[in-house]
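Asker: My structure file structure-v9.txt, compact mmCIF, C-alpha atoms, is below:
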# COMPACT_ATOMS: atom_id res chain seq x y z
CA MET A 16 55.01 107.11 -116.28
CA ALA A 17 52.27 104.78 -117.52
CA ALA A 18 53.12 105.66 -121.12
CA PHE A 19 56.80 104.99 -120.50
CA LEU A 20 56.12 101.60 -118.93
CA ARG A 21 53.83 100.65 -121.78
CA ARG A 22 56.48 101.64 -124.32
CA ARG A 23 59.16 99.72 -122.44
CA ASP A 24 57.05 96.54 -122.44
CA GLU A 25 56.36 96.96 -126.15
CA PHE A 26 60.07 97.14 -126.88
CA ALA A 27 60.65 94.12 -124.64
CA ALA A 28 58.17 92.17 -126.77
CA GLY A 29 59.91 93.24 -130.00
CA GLN A 30 57.20 95.65 -131.07
CA GLY A 31 57.52 99.22 -132.32
CA LEU A 32 60.94 98.85 -133.96
CA PRO A 33 61.47 100.80 -137.21
CA ALA A 34 62.30 98.75 -140.28
CA ALA A 35 65.65 100.52 -140.71
CA VAL A 36 67.09 98.94 -137.55
CA ALA A 37 65.02 95.77 -137.25
CA HIS A 38 67.52 93.76 -139.33
CA SER A 39 70.42 94.36 -136.90
CA ALA A 40 70.36 93.21 -133.28
CA SER A 41 73.00 95.72 -132.20
CA ALA A 42 71.35 98.60 -134.08
CA SER A 43 67.91 97.81 -132.69
CA ARG A 44 69.31 97.50 -129.18
CA GLN A 45 71.01 100.87 -129.48
CA TRP A 46 67.89 102.52 -130.92
CA VAL A 47 65.67 101.07 -128.18
CA SER A 48 68.11 102.19 -125.51
CA GLU A 49 68.19 105.77 -126.85
CA GLU A 50 64.41 105.95 -127.12
CA LEU A 51 63.92 104.67 -123.58
CA ALA A 52 66.61 106.99 -122.21
CA GLN A 53 64.96 110.06 -123.76
CA SER A 54 61.51 109.02 -122.55
CA ALA A 55 62.85 108.29 -119.06
CA GLU A 56 64.53 111.69 -118.87
CA HIS A 57 61.24 113.37 -119.81
CA VAL A 58 59.45 111.43 -117.07
CA ALA A 59 62.19 112.34 -114.59
CA GLU A 60 61.91 116.05 -115.42
CA ARG A 61 58.16 115.92 -114.83
CA GLY A 62 58.76 114.06 -111.58
CA ARG A 63 61.26 116.63 -110.34
CA ALA A 64 58.90 119.49 -111.20
CA GLU A 65 56.03 117.76 -109.45
CA GLY A 66 58.22 117.09 -106.41
CA GLN A 67 59.21 120.76 -106.17
CA ALA A 68 55.59 121.87 -106.45
CA TRP A 69 54.58 119.35 -103.77
CA LEU A 70 57.37 120.58 -101.49
CA SER A 71 56.32 124.22 -101.95
CA GLY A 72 52.77 123.41 -100.89
CA LEU A 73 53.83 121.27 -97.95
CA TRP A 74 54.18 124.18 -95.53
CA ARG A 75 50.42 124.67 -95.31
CA ARG A 76 49.88 121.02 -94.44
CA THR A 77 52.64 121.03 -91.84
CA ALA A 78 51.29 124.21 -90.25
CA GLY A 79 47.82 122.68 -90.23
CA ALA A 80 49.19 119.53 -88.55
CA VAL A 81 50.85 121.65 -85.85
CA TRP A 82 47.63 123.46 -85.00
CA ALA A 83 45.67 120.21 -85.16
CA ALA A 84 48.03 118.88 -82.46
CA VAL A 85 47.22 121.96 -80.35
CA VAL A 86 43.50 121.29 -80.73
CA LEU A 87 44.00 117.64 -79.75
CA LEU A 88 45.92 118.76 -76.68
CA LEU A 89 43.09 121.10 -75.72
CA LEU A 90 40.53 118.32 -76.14
CA GLY A 91 42.64 115.94 -74.08
CA GLN A 92 43.02 118.48 -71.30
CA ALA A 93 39.30 119.23 -71.32
CA LEU A 94 38.41 115.54 -71.07
CA THR A 95 40.88 114.85 -68.26
CA ALA A 96 39.69 117.96 -66.38
CA VAL A 97 36.19 116.48 -65.94
CA GLY A 98 35.80 115.75 -62.25
CA THR A 99 39.15 117.24 -61.20
CA GLY A 100 38.77 120.77 -62.54
CA TRP A 101 40.98 122.98 -64.62
CA THR A 102 44.40 123.56 -63.10
CA ALA A 103 47.26 126.02 -63.58
CA ALA A 104 49.34 123.19 -65.06
CA ARG A 105 46.79 122.69 -67.84
CA THR A 106 46.79 126.41 -68.58
CA ALA A 107 50.59 126.44 -68.72
CA GLY A 108 50.61 123.40 -71.00
CA LEU A 109 48.12 124.97 -73.39
CA ALA A 110 49.98 128.31 -73.38
CA ALA A 111 53.28 126.53 -74.09
CA ALA A 112 51.66 124.67 -76.99
CA LEU A 113 50.34 127.94 -78.44
CA VAL A 114 53.76 129.60 -78.21
CA LEU A 115 55.51 126.61 -79.78
CA ALA A 116 52.87 126.29 -82.51
CA SER A 117 53.16 129.99 -83.35
CA ALA A 118 56.94 129.72 -83.62
CA LEU A 119 56.70 126.63 -85.84
CA THR A 120 54.10 128.31 -88.05
CA ALA A 121 56.33 131.34 -88.53
CA ALA A 122 59.30 129.11 -89.34
CA SER A 123 57.12 127.14 -91.74
CA TRP A 124 56.17 130.30 -93.61
CA PHE A 125 59.78 131.49 -93.90
CA HIS A 126 60.75 128.06 -95.29
CA ARG A 127 57.59 127.60 -97.35
CA SER A 128 59.52 126.78 -100.53
CA LYS A 129 61.58 124.07 -98.81
CA GLY A 130 58.99 122.03 -96.96
CA GLY A 131 57.84 124.29 -94.14
CA VAL A 132 58.38 122.79 -90.70
CA LEU A 133 60.09 119.79 -92.26
CA ALA A 134 62.82 121.87 -93.92
CA PRO A 135 65.42 121.31 -91.14
CA VAL A 136 64.94 117.52 -91.23
CA ILE A 137 65.18 117.11 -95.02
CA GLY A 138 68.65 115.97 -96.02
CA GLU A 139 70.79 117.06 -98.93
CA ASP A 140 69.49 114.09 -100.93
CA ASN A 141 65.90 115.42 -100.60
CA ARG A 142 64.90 112.64 -98.19
CA LEU A 143 63.74 112.83 -94.59
CA SER A 144 66.73 112.33 -92.31
CA THR A 145 66.11 109.82 -89.53
CA SER A 146 68.75 111.27 -87.22
CA ARG A 147 67.56 114.86 -87.66
CA THR A 148 63.90 113.92 -87.22
CA VAL A 149 64.53 112.04 -83.97
CA ALA A 150 66.73 114.84 -82.64
CA ALA A 151 64.18 117.50 -83.66
CA ALA A 152 61.39 115.62 -81.85
CA TRP A 153 63.39 115.62 -78.61
CA VAL A 154 64.36 119.29 -79.03
CA LEU A 155 60.70 120.27 -79.43
CA PHE A 156 59.69 118.16 -76.43
CA VAL A 157 62.35 119.67 -74.16
CA ALA A 158 61.45 123.17 -75.37
CA TYR A 159 57.79 122.46 -74.61
CA SER A 160 58.70 121.18 -71.13
CA VAL A 161 60.69 124.33 -70.33
CA LEU A 162 57.85 126.54 -71.61
CA VAL A 163 55.41 124.69 -69.33
CA LEU A 164 57.67 125.39 -66.35
CA ALA A 165 58.02 129.02 -67.44
CA GLY A 166 54.24 129.37 -67.67
CA ARG A 167 53.73 127.91 -64.22
CA LEU A 168 56.49 130.10 -62.82
CA ALA A 169 54.86 133.22 -64.29
CA ALA A 170 51.52 132.28 -62.71
CA ALA A 171 52.94 131.29 -59.32
CA SER A 172 52.15 133.74 -56.55
CA ARG A 173 53.81 132.14 -53.54
CA HIS A 174 57.55 132.23 -52.93
CA ARG A 175 57.72 128.53 -51.97
CA GLU A 176 55.95 127.50 -55.16
CA ARG A 177 58.35 129.53 -57.30
CA ASP A 178 61.36 127.95 -55.58
CA ALA A 179 59.92 124.48 -56.18
CA LEU A 180 59.45 125.23 -59.89
CA ILE A 181 62.98 126.59 -60.25
CA SER A 182 64.37 123.53 -58.50
CA GLY A 183 62.51 121.44 -61.07
CA LEU A 184 65.15 122.52 -63.59
CA ASP A 185 67.99 121.05 -61.53
CA LEU A 186 70.27 118.73 -63.44
CA ALA A 187 69.79 115.98 -60.88
CA ARG A 188 66.14 115.67 -61.89
CA GLY A 189 66.49 116.03 -65.65
CA ALA A 190 69.89 114.39 -66.15
CA GLY A 191 68.42 111.52 -68.17
CA VAL A 192 66.53 113.78 -70.58
CA VAL A 193 69.47 116.18 -70.94
CA THR A 194 71.86 113.30 -71.68
CA VAL A 195 69.56 111.78 -74.28
CA LEU A 196 69.01 115.19 -75.91
CA ALA A 197 72.76 115.92 -76.07
CA VAL A 198 73.62 112.52 -77.55
CA LEU A 199 70.83 112.52 -80.14
CA CYS A 200 71.71 116.04 -81.32
CA GLY A 201 75.35 115.01 -81.52
CA ILE A 202 74.36 111.91 -83.52
CA ALA A 203 72.44 114.09 -85.99
CA VAL A 204 75.46 116.34 -86.58
CA LEU A 205 77.92 113.44 -86.72
CA VAL A 206 75.83 111.41 -89.18
CA ARG A 207 75.68 114.35 -91.58
CA ARG A 208 79.46 114.69 -91.38
CA VAL A 209 80.05 110.96 -91.81
CA VAL A 210 77.76 110.68 -94.84
CA GLY A 211 79.28 113.75 -96.47
CA LEU A 212 82.85 112.50 -96.04
CA ARG A 213 81.99 109.01 -97.28
CA VAL A 214 80.30 110.44 -100.38
CA LEU A 215 83.29 112.65 -101.15
CA GLY A 216 85.60 109.70 -100.56
CA GLN A 217 83.56 107.57 -103.01
CA ARG A 218 82.81 105.03 -100.28
CA LEU A 219 79.07 105.76 -100.35
CA GLN A 220 76.77 106.35 -103.31
CA LYS A 221 73.91 108.82 -102.93
CA VAL A 222 71.37 109.90 -105.54
CA ARG A 223 68.80 112.65 -105.05
CA ALA A 224 65.15 111.73 -104.55
CA ASP A 225 62.30 113.54 -106.28
CA ARG A 226 60.68 114.43 -102.94
CA PRO A 227 60.81 113.40 -99.27
CA ARG A 228 58.49 110.69 -97.98
CA ALA A 229 57.56 109.57 -94.49
CA ALA A 230 58.90 106.09 -95.31
CA ASP A 231 62.40 107.59 -95.54
CA LEU A 232 62.58 107.44 -91.74
CA LEU A 233 62.47 103.63 -91.78
CA THR A 234 64.04 102.69 -95.10
CA ASP A 235 67.26 103.09 -97.04
CA ASP A 236 67.59 105.01 -100.31
CA ALA A 237 66.22 102.03 -102.25
CA GLY A 238 63.04 101.87 -100.16
CA ARG A 239 64.02 98.74 -98.22
CA GLY A 240 63.41 98.69 -94.48
CA THR A 241 66.61 98.87 -92.44
CA PHE A 242 67.01 97.47 -88.94
CA ALA A 243 69.20 100.34 -87.69
CA ASP A 244 66.69 103.03 -88.68
CA ILE A 245 63.60 101.14 -87.51
CA GLN A 246 64.94 100.33 -84.05
CA TYR A 247 66.21 103.89 -83.65
CA VAL A 248 62.83 105.43 -84.46
CA VAL A 249 60.84 102.90 -82.40
CA ILE A 250 62.96 103.07 -79.24
CA SER A 251 63.30 106.85 -79.39
CA GLY A 252 59.56 107.20 -79.93
CA VAL A 253 58.74 104.93 -76.98
CA ALA A 254 61.11 106.86 -74.73
CA LEU A 255 59.57 110.14 -75.89
CA VAL A 256 56.07 108.89 -75.04
CA PHE A 257 57.27 107.83 -71.59
CA ALA A 258 58.83 111.26 -71.02
CA ALA A 259 55.60 112.96 -72.13
CA VAL A 260 53.61 110.90 -69.63
CA ARG A 261 56.06 111.83 -66.87
CA LEU A 262 55.66 115.51 -67.80
CA ALA A 263 51.88 115.20 -67.67
CA ARG A 264 52.02 113.56 -64.24
CA ARG A 265 54.62 115.94 -62.80
CA PRO A 266 54.48 119.24 -64.71
CA GLU A 267 56.45 121.07 -62.01
CA GLN A 268 59.83 119.67 -63.18
CA LEU A 269 61.67 118.38 -66.20
CA PRO A 270 60.71 114.79 -67.01
CA ASP A 271 62.95 112.53 -64.93
CA LEU A 272 63.76 109.91 -67.57
CA PRO A 273 65.03 106.80 -65.71
CA TRP A 274 68.64 105.97 -66.41
CA GLY A 275 67.71 102.47 -67.53
CA LEU A 276 65.51 103.84 -70.31
CA ALA A 277 68.09 106.53 -71.13
CA VAL A 278 70.78 103.87 -71.59
CA VAL A 279 68.46 101.91 -73.89
CA VAL A 280 68.06 105.03 -76.06
CA LEU A 281 71.83 105.57 -76.10
CA VAL A 282 72.45 101.97 -77.15
CA SER A 283 69.88 102.40 -79.92
CA ALA A 284 71.63 105.59 -81.07
CA ALA A 285 75.00 103.82 -81.09
CA THR A 286 73.51 101.01 -83.19
CA TYR A 287 72.13 103.55 -85.65
CA LEU A 288 75.49 105.30 -85.92
CA ALA A 289 77.28 101.98 -86.47
CA GLY A 290 74.80 101.18 -89.22
CA LYS A 291 75.66 104.46 -90.95
CA TYR A 292 79.34 103.55 -90.88
CA ALA A 293 78.64 100.06 -92.22
CA GLU A 294 76.30 100.90 -95.09
CA GLY A 295 77.38 101.48 -98.65
CA GLY A 296 80.71 100.65 -100.18
CA ARG A 297 82.58 101.41 -103.37
CA PRO A 298 81.48 99.59 -106.54
CA VAL A 299 83.98 97.03 -107.75
CA ILE A 300 84.71 95.12 -110.97
CA LEU A 301 85.51 91.48 -110.28
CA SER A 302 85.91 90.19 -113.82
CA VAL A 303 85.36 91.04 -117.48
CA VAL A 304 84.53 88.30 -119.99
CA ARG A 305 83.40 88.10 -123.58
CA ALA A 306 79.62 87.76 -123.83
CA ARG A 307 78.68 84.55 -125.62
CA GLU A 308 75.27 83.59 -126.89
CA ALA A 309 74.18 80.03 -127.54
CA GLY A 310 75.87 78.68 -130.66
CA ASP A 311 78.70 81.23 -130.75
CA LEU A 312 82.26 80.04 -131.00
CA ASP A 313 84.69 80.64 -128.18
CA GLY A 314 87.32 83.28 -128.85
CA PRO A 315 89.11 86.37 -127.58
CA ILE A 316 87.56 89.80 -127.09
CA ARG A 317 87.46 91.72 -130.37
CA THR A 318 86.17 95.16 -131.26
CA GLY A 319 82.44 94.97 -131.85
CA ASP A 320 81.97 92.12 -129.37
CA ASP A 321 79.85 92.44 -126.26
CA ILE A 322 81.59 92.10 -122.92
CA GLU A 323 80.10 91.22 -119.56
CA ILE A 324 81.38 93.23 -116.60
CA ARG A 325 80.77 91.31 -113.41
CA GLY A 326 81.05 92.90 -110.00
CA ALA A 327 78.96 94.59 -107.30
CA GLY A 328 77.48 98.00 -106.54
CA PHE A 329 76.93 99.16 -110.12
CA VAL A 330 73.40 100.44 -109.37
CA PRO A 331 73.32 102.75 -106.31
CA PRO A 332 70.34 102.54 -103.93
CA GLY A 333 67.56 104.71 -105.27
CA ALA A 334 68.92 104.67 -108.83
CA GLN A 335 66.71 101.89 -110.18
CA GLY A 336 64.81 104.32 -112.43
CA ALA A 337 65.49 104.24 -116.16
CA ASP A 338 66.78 107.84 -116.17
CA ARG A 339 69.42 106.90 -113.58
CA LEU A 340 70.36 103.65 -115.31
CA ALA A 341 70.85 105.52 -118.59
CA ARG A 342 73.56 107.67 -116.98
CA MET A 343 75.89 104.74 -116.41
CA VAL A 344 79.10 104.86 -118.45
CA VAL A 345 81.86 102.32 -119.05
CA ARG A 346 85.33 103.49 -120.02
CA VAL A 347 86.96 101.03 -122.41
CA GLY A 348 90.42 102.41 -122.87
CA ALA A 349 89.94 106.05 -123.87
CA VAL A 350 86.40 105.52 -125.19
CA HIS A 351 83.31 106.24 -123.08
CA VAL A 352 80.50 103.75 -123.74
CA HIS A 353 76.99 104.40 -122.44
CA VAL A 354 75.47 101.26 -120.99
CA PRO A 355 72.50 100.26 -123.19
CA LEU A 356 69.09 99.76 -121.61
CA ILE A 357 67.82 96.28 -122.49
CA PRO A 358 64.14 96.02 -121.51
CA VAL A 359 62.30 92.92 -120.37
CA PRO A 360 58.66 92.70 -119.25
CA GLY A 361 58.46 94.53 -115.93
CA GLY A 362 61.99 95.94 -115.87
CA PHE A 363 65.43 95.90 -117.45
CA ARG A 364 67.85 93.03 -118.04
CA ASN A 365 70.75 95.43 -118.44
CA PRO A 366 72.19 97.13 -116.48
CA THR A 367 71.95 95.38 -113.11
CA ASP A 368 73.74 95.82 -109.82
CA THR A 369 76.11 92.92 -110.49
CA LEU A 370 76.31 92.65 -114.28
CA LEU A 371 76.74 95.07 -117.18
CA THR A 372 76.80 94.25 -120.87
CA VAL A 373 78.36 96.75 -123.27
CA PRO A 374 79.84 96.55 -126.78
CA VAL A 375 83.52 97.11 -127.39
CA PRO A 376 83.54 100.14 -129.75
CA ALA A 377 85.52 100.11 -132.96
CA ASP A 378 87.57 103.10 -131.76
CA VAL A 379 89.31 100.96 -129.16
CA GLU A 380 92.86 100.14 -130.20
CA PRO A 381 93.81 96.44 -130.07
CA GLY A 382 96.00 95.48 -127.14
CA ARG A 383 95.69 95.69 -123.39
CA VAL A 384 93.06 98.24 -122.33
CA GLU A 385 91.53 99.13 -119.00
CA VAL A 386 87.82 98.90 -118.25
CA GLN A 387 86.19 101.12 -115.61
CA VAL A 388 82.54 101.71 -114.67
CA VAL A 389 81.12 105.11 -113.68
CA THR A 390 77.82 104.71 -111.82
CA ALA A 391 74.83 107.04 -111.84
CA ALA A 392 76.09 108.58 -108.59
CA GLY A 393 79.37 109.54 -110.27
CA VAL A 394 81.45 106.96 -108.37
CA GLU A 395 84.20 105.17 -110.28
CA THR A 396 85.11 101.52 -109.87
CA ASN A 397 88.56 100.01 -109.95
CA ARG A 398 90.29 99.59 -113.31
CA TYR A 399 90.31 96.12 -114.83
CA ALA A 400 92.71 95.27 -117.67
CA VAL A 401 91.57 93.14 -120.63
CA ASP A 402 93.18 92.15 -123.93
CA VAL A 403 91.42 93.25 -127.13
CA THR A 404 92.45 91.64 -130.43
CA GLU A 405 91.77 92.64 -133.99
Step by step, read the file and then write its structure as structure tokens.
Answerer:
Amino acid sequence: MAAFLRRRDEFAAGQGLPAAVAHSASASRQWVSEELAQSAEHVAERGRAEGQAWLSGLWRRTAGAVWAAVVLLLLGQALTAVGTGWTAARTAGLAAALVLASALTAASWFHRSKGGVLAPVIGEDNRLSTSRTVAAAWVLFVAYSVLVLAGRLAAASRHRERDALISGLDLARGAGVVTVLAVLCGIAVLVRRVVGLRVLGQRLQKVRADRPRAADLLTDDAGRGTFADIQYVVISGVALVFAAVRLARRPEQLPDLPWGLAVVVLVSAATYLAGKYAEGGRPVILSVVRAREAGDLDGPIRTGDDIEIRGAGFVPPGAQGADRLARMVVRVGAVHVHVPLIPVPGGFRNPTDTLLTVPVPADVEPGRVEVQVVTAAGVETNRYAVDVTE
């Protein structure tokens, strides 16, 4: 990557051009674009291979994190038992953690090539899914709560104590937790369906990431923080902490999440879902004009001229890399023109999300032709008609 960036900046400064193309601006631009596209594709291949290797080794780290959480739970129980003594509830909590950790470790091994424990929460675009992660956290918490009750029930010797533990599973006591769990799991399934349909309908552009990152939970595909995701994770996390405290204080029943807090979580989930419906949009061409440099005469669009395609959504979120930008294509009539990469210090001047500059090839027949952009995500824009003269 460092070598690619250094080469890009050299080209931006006009260095490294062969003498055969240095005399022609269009030839040098095309040669630079091809060189950068090939180098970027090589970097992207290395990045994908590194991401796959990182994902294959992730299962050991996730399994280690699970058992580290068990050790922290044991230490916390030991510290809180000073002065009060070890209780059956602490034994049940530790036994439930061991059972859950063993199950997660086994699942991590079976999915060791796909991220271990994180495999179910990694989306089809190779990013961590916010909705699946939040839902999975609540599923694990509820499973742990039920295992704690099961452990206490197995150790109970008196009939009255067993009846009290069984009554702790009544819906009247755990209605808030059950409602939140049902809604969050439904949100996770619905968001996957919504995103899939919008991608197939070309109303949302998605590009695959090299590997998942923890920041994916709070950001969009371009790495920018999004309000819908942040508030969803924060509010769900706060409610989960509150439920965990309630379980620690009253381990003989499901955590009785107050309805006020449950409604707050549901409102947060609805906001997140609305954000998923609102994000994205199909790229659109607003206008096509003849590119004019300082000193050029005004005139119609002719073959060989550069045209500026102005619009929005040409660069999908997460497709700012040179390998993605090099995949953009403009159809001018029946001719497919690859958008040239024009480097500047620190980035690229072409293409951008709102402006593309491409030459009109000589194979285009004079007359009225249609211009259409195909983005790196494979989404097509509307067709825009222009007149090409000889």
Asker: Residues of range 242-309 of chain A that approach range 227-233 of chain A to 8 Å or less, counting only C-alpha atoms: could you list each one with the shortest pair of atoms and its distance in Å to one decimal, rows by chain and increasing residue number, as CSV?
Answerer:
residue,atom,partner,partner_atom,distance
A:Asp244,CA,A:Leu233,CA,5.3
A:Ile245,CA,A:Leu233,CA,5.1
A:Val248,CA,A:Leu233,CA,7.5
Asker: Using only C-alpha atoms, find each residue of range 299-349 of chain A with at least one atom at most 12 Å away from an atom of range 19-36 of chain A; report its shortest atom-to-atom pair and that distance in Å (one decimal), sort the rows by chain and rising residue number, and return the result as CSV.
Answerer:
residue,atom,partner,partner_atom,distance
A:Gly336,CA,A:Leu20,CA,11.2
A:Ala337,CA,A:Phe19,CA,9.7
A:Asp338,CA,A:Phe19,CA,11.2
Asker: When you draw a straight line from CA of Val154 in chain A to CA of Cys200 in chain A, how long is it in Å?
Answerer: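 Calculated distance between CA of Val154 in chain A and CA of Cys200 in chain A is 8.4 Å.
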Asker: When you count all atoms listed in the file, which of these residues is closest to Lys291 in chain A: A:Ala203, A:Val403, A:Ala349, A:Ala93?
Answerer: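 When distances to Lys291 in chain A are compared using all atoms listed in the file, the smallest one comes from A:Ala203.
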Asker: Let me make sure I understand: among A:Pro366, A:Gly333, A:Gly296, A:Pro360, which one has the smallest atom-to-atom distance to Thr396 in chain A if we use all atoms listed in the file?
Answerer: A:Gly296
Asker: Extract, using all atoms listed in the file, all DNA, RNA and protein residues at most 12 Å from Val163 in chain A, discarding same-chain residues fewer than 2 positions from it, and format them as a PyMOL selection string.
Answerer: chain A and resi 103-115+156-161+165-170+180-181+183-184+262-263+265-270
Asker: Of the residues A:Val192, A:Ala152, A:Leu205, A:Leu88, which is the one nearest to Trp274 in chain A, using all atoms listed in the file?
Answerer: A:Val192
Asker: Rounded to one decimal place, report the CA of Gly348 in chain A-CA of Gln335 in chain A distance in Å.
Answerer: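 According to the coordinates, CA of Gly348 in chain A and CA of Gln335 in chain A are separated by 26.9 Å.
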